[in-house]
Each structure stands twice: as structure tokens, then as C-alpha cells.
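Contents: one structure, followed by commentary.
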Amino acid sequence: MKGHFFKYIAGFIALFTLASCEDVIQVKLDQGSPILTIDAFVNDMRQSQKVRLTYTDGYFSQKPNQPVSGATVKVTDVTDGVTFNFTDNGNGDYVLPINPGDTIGRVGHTYRLDVLHQGITYTSTTKLNRTAYIDSIDVKKDSAAFSNKKGYRCSFFGIDPPGAVPDYYWVKSYRNNVFFGKGGEINITENGGGGTGTDGLFFIPPVAEGITPFGEYFQIGDVCRVEIHSITKETFDFLTQVQAQTTNSGLFATTPENVKTNISTNSSKVKIVGWFSMSAVNWKEKTVTP
């Protein structure tokens, strides 16, 4: 086994050496037709809800995706038979204002997303599951080894509610309202920490401490915000794939693959990317003090 490993490394070095002697070749990729992207992560928070529609761009493009306007977007509470119509803001955002004290989300209800654009209907159905409760946020002073970085690291205390059916969560964290949203910062878990053995228990340290991503620190006066979003098993698998694809690099990187979608169309000729999710959310904030 060890011999095969070093043989592989030697082959890689040889390939790199040969490649370094060749002229640089500019690779031109075929430009495919833009594909509609639907970003529909809706929740039960008492604030405006948003569905975002854009077109995909070329692989090497540095421009933001082109927003899509002129579509019809609605979310229906299938359980109650109530439809919520989202308003086109003209910038790719389709917004539903929420009255104070009201919410679009009801735990245990089934929801359907319908998007009509250029005569094509895009549809998806999902369920809104229960979430977990955040008891408190803990703050500890810390510093990075072999670095001058120092500050405070936040973690949270919370318990996964017990039950016969596994619960899935997306733990989101913010520093001064700025979301830690890189691929490597996606913090998801089954139950309290990765399976049936953690059902009904406190969230394990990798999850609880993951609200301060590696290499990041809070400073005095910063506000740490934590949100636990309930998600379905399908959304958990989707985010797992997103995490794997966005952190897929290095010598042993795997071949990239298309990220799945739970949105279908009424046309076999039209492609679609994106995801529809409904979440119940529990949140807590804490200001960092000495």
C-alpha cells in the first residue's frame, strides 16, 4: 500500500514537471444557455420573506448573476389551503411582507412553491418541521496558535428535543448581522450531533462551537447571533452536497458534480437549479463584553 502511494506521488510530480515546460494553453469553454436559479429558503420568522430568482452565468464570470423579473411567485400552505403571493421587487427579489405577530410558517404543515416564468411552471413541495431551543450563548477569550489573531469565540447551549423521528438542523451564525455563509461554514446536524445516539441531548461541541468558524473571532462590542433552522432530511442532504462541492479542492479533490434540486418543471426541455425549504427558527443574540 505504501509503495503504491509513493508511486502515485512520483507520477504526479513528473506530470507537474512536464506540464511546467509546455506553453500555456487558454481553454475556451462552451457557453450554455442561462438557467433559472430559484433560491427559496422561507421560514416562520416574523419578518419579510424572500424568494430570489436569477440566471446562471459562465463558469469564470466575475459578475453577479443576472436577476429575473416578471415572474409570478407564490407559496401555498397546503394543509390550510392558504396562498401567499410574493411581490416582484424588480431586482430578482420576490418579497412577502409579514405583519408583526404573524407568520407564514406553521410546524407540521406542508407547503408548495409555484413559480411561473415565461410560460413555464416550476413547482416544489416540502414540510415545515419543529426546531430546537437555544438556552444561552457562551463567550470565551481565545487566540490562534502561530498567529497574532485574538479575540472571543462564541458557542451556544441547546437541547435537541427527543422523538422517534430524527430532527435535522441548519445552525446559522452572524457577526454584527453579517452571515457566516461560506461553504466550509455550513453548520448542519442530525439531532444533537450526528445520529440517533444524540437524540434528546445537548448539541455536541463541533456544532455548538461551530457558530464561530475556524479562524474567525468576535471582538468586544460585536453582536453574536445564532439561529437554529429546522430542515428536512432532503434539505440536509442538499446542504451536505453543497458543502462538499464548495470545499472540494486539493490534491485528492473529487470530480465536481451537479448539485441536486427539489424543484421540477412542466417542461422536459427546461433545466432548473435551486432549492425550496421551509424552516421553523429559534434564535438568540449576545453582545460580547470584557
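Within each chain, counting starts at residue 1; across the C-alpha cells, chains are named A, B, ... in the order shown, with ligands numbered 1 upward in that order.
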>> Give me, as a list in words, all polymer residues having an atom no more than 8 Å from Thr56 (chain A), counting only C-alpha atoms and skipping those fewer than 5 positions away in the same chain.
In response: Pro34, Ile35, Leu36, Thr37, Asn65 and Gln66 of chain A
>> If DSSP is run on the backbone, what residues of region 38-251 of chain A are strand (DSSP E)? A reply as JSON, numbers by chain would be ideal.
In response: {"A": [38, 39, 40, 41, 42, 43, 49, 50, 51, 52, 53, 54, 55, 72, 73, 74, 75, 76, 77, 82, 83, 84, 85, 86, 87, 88, 93, 94, 95, 96, 110, 111, 112, 113, 114, 115, 116, 117, 120, 121, 122, 123, 124, 125, 126, 127, 133, 134, 135, 136, 137, 138, 139, 140, 141, 142, 143, 150, 151, 152, 153, 154, 155, 156, 157, 158, 159, 168, 169, 170, 171, 172, 173, 174, 175, 178, 179, 188, 189, 190, 223, 224, 225, 226, 227, 228, 229, 230, 231]}
>> Calculated over only C-alpha atoms, which of the candidates A:Val259, A:Ala132, A:Ile186, A:Ile120 has the smallest distance to Gly158 (chain A)?
In response: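 Using only C-alpha atoms, Gly158 (chain A) sits closest to A:Ala132.
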>> With DSSP run on the backbone, what are the helix (DSSP H, G or I) residues within region 176-224 of chain A? I'd like them as an MDAnalysis selection string.
In response: chainID A and resid 183:185 196:198 205:211
> Can you list, as a list in words, every protein, DNA or RNA residue that comes within 8 Å of region 202-212 of chain A when you count only C-alpha atoms, leaving out same-chain residues fewer than 4 positions away?
Replying inline: Arg153, Cys154, Ser155, Phe156, Phe157, Gly158, Ile159, Asp160, Val171, Lys172, Ser173, Tyr174, Glu185, Asn187, Ile188, Thr189, Asn191, Gly192, Gly193, Thr198, Glu216, Tyr217 and Val226 of chain A
Take the residues that were just selected and, keeping N, CA and C atoms, output them as a PDB file, in the first residue's frame.
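out-v2.pdb written:
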ATOM      1  N   ARG A 153     -14.439  33.741  21.202  1.00  0.00           N
ATOM      2  CA  ARG A 153     -15.163  32.700  20.472  1.00  0.00           C
ATOM      3  C   ARG A 153     -16.498  32.447  21.173  1.00  0.00           C
ATOM      4  N   CYS A 154     -17.535  32.358  20.376  1.00  0.00           N
ATOM      5  CA  CYS A 154     -18.880  32.131  20.906  1.00  0.00           C
ATOM      6  C   CYS A 154     -19.310  30.690  20.646  1.00  0.00           C
ATOM      7  N   SER A 155     -20.080  30.152  21.560  1.00  0.00           N
ATOM      8  CA  SER A 155     -20.721  28.849  21.394  1.00  0.00           C
ATOM      9  C   SER A 155     -22.100  28.948  22.032  1.00  0.00           C
ATOM     10  N   PHE A 156     -22.950  27.970  21.762  1.00  0.00           N
ATOM     11  CA  PHE A 156     -24.293  28.046  22.321  1.00  0.00           C
ATOM     12  C   PHE A 156     -24.638  26.761  23.072  1.00  0.00           C
ATOM     13  N   PHE A 157     -25.602  26.877  23.961  1.00  0.00           N
ATOM     14  CA  PHE A 157     -26.150  25.724  24.651  1.00  0.00           C
ATOM     15  C   PHE A 157     -27.594  25.528  24.186  1.00  0.00           C
ATOM     16  N   GLY A 158     -27.887  24.319  23.785  1.00  0.00           N
ATOM     17  CA  GLY A 158     -29.235  23.998  23.335  1.00  0.00           C
ATOM     18  C   GLY A 158     -29.444  22.501  23.369  1.00  0.00           C
ATOM     19  N   ILE A 159     -30.697  22.082  23.427  1.00  0.00           N
ATOM     20  CA  ILE A 159     -31.026  20.660  23.500  1.00  0.00           C
ATOM     21  C   ILE A 159     -31.903  20.266  22.332  1.00  0.00           C
ATOM     22  N   ASP A 160     -31.550  19.171  21.706  1.00  0.00           N
ATOM     23  CA  ASP A 160     -32.381  18.592  20.656  1.00  0.00           C
ATOM     24  C   ASP A 160     -33.589  17.919  21.295  1.00  0.00           C
ATOM     25  N   VAL A 171     -27.672  25.322  11.589  1.00  0.00           N
ATOM     26  CA  VAL A 171     -27.342  26.319  12.605  1.00  0.00           C
ATOM     27  C   VAL A 171     -26.618  27.471  11.917  1.00  0.00           C
ATOM     28  N   LYS A 172     -27.283  28.608  11.843  1.00  0.00           N
ATOM     29  CA  LYS A 172     -26.705  29.789  11.200  1.00  0.00           C
ATOM     30  C   LYS A 172     -26.172  30.749  12.260  1.00  0.00           C
ATOM     31  N   SER A 173     -25.041  31.378  11.971  1.00  0.00           N
ATOM     32  CA  SER A 173     -24.486  32.350  12.906  1.00  0.00           C
ATOM     33  C   SER A 173     -24.065  33.612  12.167  1.00  0.00           C
ATOM     34  N   TYR A 174     -24.096  34.728  12.912  1.00  0.00           N
ATOM     35  CA  TYR A 174     -23.819  36.042  12.351  1.00  0.00           C
ATOM     36  C   TYR A 174     -22.914  36.825  13.297  1.00  0.00           C
ATOM     37  N   GLU A 185     -18.362  26.912   6.224  1.00  0.00           N
ATOM     38  CA  GLU A 185     -19.005  27.397   7.443  1.00  0.00           C
ATOM     39  C   GLU A 185     -20.437  26.884   7.589  1.00  0.00           C
ATOM     40  N   ASN A 187     -23.126  24.793   8.902  1.00  0.00           N
ATOM     41  CA  ASN A 187     -23.160  24.062  10.180  1.00  0.00           C
ATOM     42  C   ASN A 187     -24.501  23.320  10.263  1.00  0.00           C
ATOM     43  N   ILE A 188     -24.498  22.065   9.868  1.00  0.00           N
ATOM     44  CA  ILE A 188     -25.723  21.266   9.859  1.00  0.00           C
ATOM     45  C   ILE A 188     -25.540  20.023  10.718  1.00  0.00           C
ATOM     46  N   THR A 189     -26.650  19.502  11.227  1.00  0.00           N
ATOM     47  CA  THR A 189     -26.548  18.337  12.094  1.00  0.00           C
ATOM     48  C   THR A 189     -27.838  17.546  12.120  1.00  0.00           C
ATOM     49  N   ASN A 191     -30.119  15.562  14.683  1.00  0.00           N
ATOM     50  CA  ASN A 191     -30.312  15.562  16.135  1.00  0.00           C
ATOM     51  C   ASN A 191     -29.262  16.462  16.797  1.00  0.00           C
ATOM     52  N   GLY A 192     -28.772  16.070  17.973  1.00  0.00           N
ATOM     53  CA  GLY A 192     -27.834  16.927  18.690  1.00  0.00           C
ATOM     54  C   GLY A 192     -26.412  16.868  18.193  1.00  0.00           C
ATOM     55  N   GLY A 193     -26.130  15.920  17.300  1.00  0.00           N
ATOM     56  CA  GLY A 193     -24.738  15.862  16.869  1.00  0.00           C
ATOM     57  C   GLY A 193     -24.384  14.765  15.902  1.00  0.00           C
ATOM     58  N   THR A 198     -27.569  10.763  19.539  1.00  0.00           N
ATOM     59  CA  THR A 198     -27.569  12.096  20.145  1.00  0.00           C
ATOM     60  C   THR A 198     -28.979  12.677  20.228  1.00  0.00           C
ATOM     61  N   GLU A 216     -12.019  32.711  12.703  1.00  0.00           N
ATOM     62  CA  GLU A 216     -12.800  33.920  12.942  1.00  0.00           C
ATOM     63  C   GLU A 216     -12.868  34.217  14.443  1.00  0.00           C
ATOM     64  N   TYR A 217     -12.984  35.505  14.784  1.00  0.00           N
ATOM     65  CA  TYR A 217     -13.099  35.911  16.175  1.00  0.00           C
ATOM     66  C   TYR A 217     -14.105  37.049  16.310  1.00  0.00           C
ATOM     67  N   VAL A 226     -27.284  33.685  16.793  1.00  0.00           N
ATOM     68  CA  VAL A 226     -27.400  32.273  16.444  1.00  0.00           C
ATOM     69  C   VAL A 226     -28.848  31.968  16.093  1.00  0.00           C
TER      70      VAL A 226
END
>> Report as number ranges by chain all protein, DNA and RNA residues lying within 7 Å of Asn43 (chain A), evaluated on only C-alpha atoms, omitting residues in the same chain fewer than 2 positions from it.
In response: A: 41, 45, 105, 278-281
> Between CA of Ile272 (chain A) and CA of Thr54 (chain A), what is the spacing in Å?
Replying inline: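 CA of Ile272 (chain A) lies at a distance of 10.9 Å from CA of Thr54 (chain A).
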> Within 9 Å of Asn99 (chain A), counting only C-alpha atoms, which residues qualify if same-chain residues fewer than 4 places away don't, as a ChimeraX atom specification?
Replying inline: /A:46-48,103
Okay, now the selection with C-alpha atoms, as a PDB file, in the first residue's frame?
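Once everything was written out, this is part.pdb:
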ATOM      1  CA  ARG A  46     -41.980  37.409  11.885  1.00  0.00           C
ATOM      2  CA  GLN A  47     -40.244  39.380   9.167  1.00  0.00           C
ATOM      3  CA  SER A  48     -40.497  39.766   5.397  1.00  0.00           C
ATOM      4  CA  THR A 103     -46.039  34.228  10.390  1.00  0.00           C
TER       5      THR A 103
END
